[in-house]
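Here is the structure we will look at.
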Amino acid sequence: MADEEKWVPDRRTLQWCFGAADEARVKDAIRRDVESRSSGLSIDSDVYWTLVAEAAIEAVLYDLSALADQEPPGKNIE
């Protein structure tokens with residue numbers, strides 16, 4: 001994607017993400033992902049913690065995407 005085509009979410013969208021994110025919904029997915037991909041990695045290594053970060057980001061974004069698909073656009077979720 002060319003630089004001029006990059007989409008950046010507005011602040012309101014990001015605030016919705018903060019309010020809608022739920023650790024309880026994503027913790028098991030993060031745990032499973034890290035367990036399945038961390039074989040042989042030391043918990044003290046940068047590679048391990050990069051994996052944890054990647055798993056967490058992916059789990060949260062997939063969860064928020066699924067949540068957004070369930071709601072009509074523009075609807076506030078409390």
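A note on labels: chains of the structure tokens are A, B, ... as shown, every chain counts residues from 1, and ligands are counted from 1 in their shown order.
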request  = If you run DSSP over the backbone, which residues in chain A end up alpha helix (DSSP H)? Put them as a PyMOL selection string.
outcome  = chain A and resi 11-20+23-37+46-70
Kindly save the residues from that selection, with C-alpha atoms included, as a PDB file, in the first residue's frame.
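Result written to selection_3.pdb:
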ATOM      1  CA  ARG A  11      -9.080   8.778  18.003  1.00  0.00           C
ATOM      2  CA  ARG A  12     -12.712   7.828  18.701  1.00  0.00           C
ATOM      3  CA  THR A  13     -12.161   4.411  17.117  1.00  0.00           C
ATOM      4  CA  LEU A  14      -9.074   3.843  19.237  1.00  0.00           C
ATOM      5  CA  GLN A  15     -10.955   4.906  22.360  1.00  0.00           C
ATOM      6  CA  TRP A  16     -13.640   2.340  21.494  1.00  0.00           C
ATOM      7  CA  CYS A  17     -10.874  -0.285  21.295  1.00  0.00           C
ATOM      8  CA  PHE A  18      -9.623   0.604  24.765  1.00  0.00           C
ATOM      9  CA  GLY A  19     -13.142   0.374  26.185  1.00  0.00           C
ATOM     10  CA  ALA A  20     -14.067  -2.814  24.330  1.00  0.00           C
ATOM     11  CA  GLU A  23      -8.387  -9.399  28.970  1.00  0.00           C
ATOM     12  CA  ALA A  24     -10.653 -12.270  29.991  1.00  0.00           C
ATOM     13  CA  ARG A  25     -11.672 -12.873  26.374  1.00  0.00           C
ATOM     14  CA  VAL A  26      -8.114 -12.975  24.998  1.00  0.00           C
ATOM     15  CA  LYS A  27      -5.942 -14.474  27.739  1.00  0.00           C
ATOM     16  CA  ASP A  28      -6.566 -18.094  26.772  1.00  0.00           C
ATOM     17  CA  ALA A  29      -5.845 -17.409  23.090  1.00  0.00           C
ATOM     18  CA  ILE A  30      -2.590 -15.695  24.029  1.00  0.00           C
ATOM     19  CA  ARG A  31      -1.612 -18.567  26.315  1.00  0.00           C
ATOM     20  CA  ARG A  32      -2.333 -21.217  23.647  1.00  0.00           C
ATOM     21  CA  ASP A  33      -0.486 -19.279  20.947  1.00  0.00           C
ATOM     22  CA  VAL A  34       2.607 -18.698  23.088  1.00  0.00           C
ATOM     23  CA  GLU A  35       2.665 -22.298  24.337  1.00  0.00           C
ATOM     24  CA  SER A  36       2.411 -23.674  20.802  1.00  0.00           C
ATOM     25  CA  ARG A  37       5.121 -21.407  19.359  1.00  0.00           C
ATOM     26  CA  ASP A  46      14.017 -11.146  23.553  1.00  0.00           C
ATOM     27  CA  VAL A  47      12.664 -13.641  21.025  1.00  0.00           C
ATOM     28  CA  TYR A  48      10.290 -15.079  23.647  1.00  0.00           C
ATOM     29  CA  TRP A  49       8.988 -11.669  24.683  1.00  0.00           C
ATOM     30  CA  THR A  50       8.594 -10.589  21.064  1.00  0.00           C
ATOM     31  CA  LEU A  51       6.488 -13.713  20.575  1.00  0.00           C
ATOM     32  CA  VAL A  52       4.373 -12.858  23.636  1.00  0.00           C
ATOM     33  CA  ALA A  53       3.863  -9.321  22.347  1.00  0.00           C
ATOM     34  CA  GLU A  54       2.908 -10.561  18.877  1.00  0.00           C
ATOM     35  CA  ALA A  55       0.469 -13.114  20.302  1.00  0.00           C
ATOM     36  CA  ALA A  56      -1.126 -10.486  22.531  1.00  0.00           C
ATOM     37  CA  ILE A  57      -1.509  -7.929  19.752  1.00  0.00           C
ATOM     38  CA  GLU A  58      -3.001 -10.503  17.386  1.00  0.00           C
ATOM     39  CA  ALA A  59      -5.420 -11.867  19.992  1.00  0.00           C
ATOM     40  CA  VAL A  60      -6.666  -8.412  20.964  1.00  0.00           C
ATOM     41  CA  LEU A  61      -7.080  -7.238  17.368  1.00  0.00           C
ATOM     42  CA  TYR A  62      -8.876 -10.413  16.266  1.00  0.00           C
ATOM     43  CA  ASP A  63     -11.165 -10.154  19.301  1.00  0.00           C
ATOM     44  CA  LEU A  64     -11.961  -6.489  18.625  1.00  0.00           C
ATOM     45  CA  SER A  65     -12.558  -7.239  14.951  1.00  0.00           C
ATOM     46  CA  ALA A  66     -15.011 -10.009  15.820  1.00  0.00           C
ATOM     47  CA  LEU A  67     -16.739  -7.738  18.330  1.00  0.00           C
ATOM     48  CA  ALA A  68     -17.012  -4.939  15.773  1.00  0.00           C
ATOM     49  CA  ASP A  69     -18.539  -7.371  13.267  1.00  0.00           C
ATOM     50  CA  GLN A  70     -21.330  -8.105  15.760  1.00  0.00           C
TER      51      GLN A  70
END
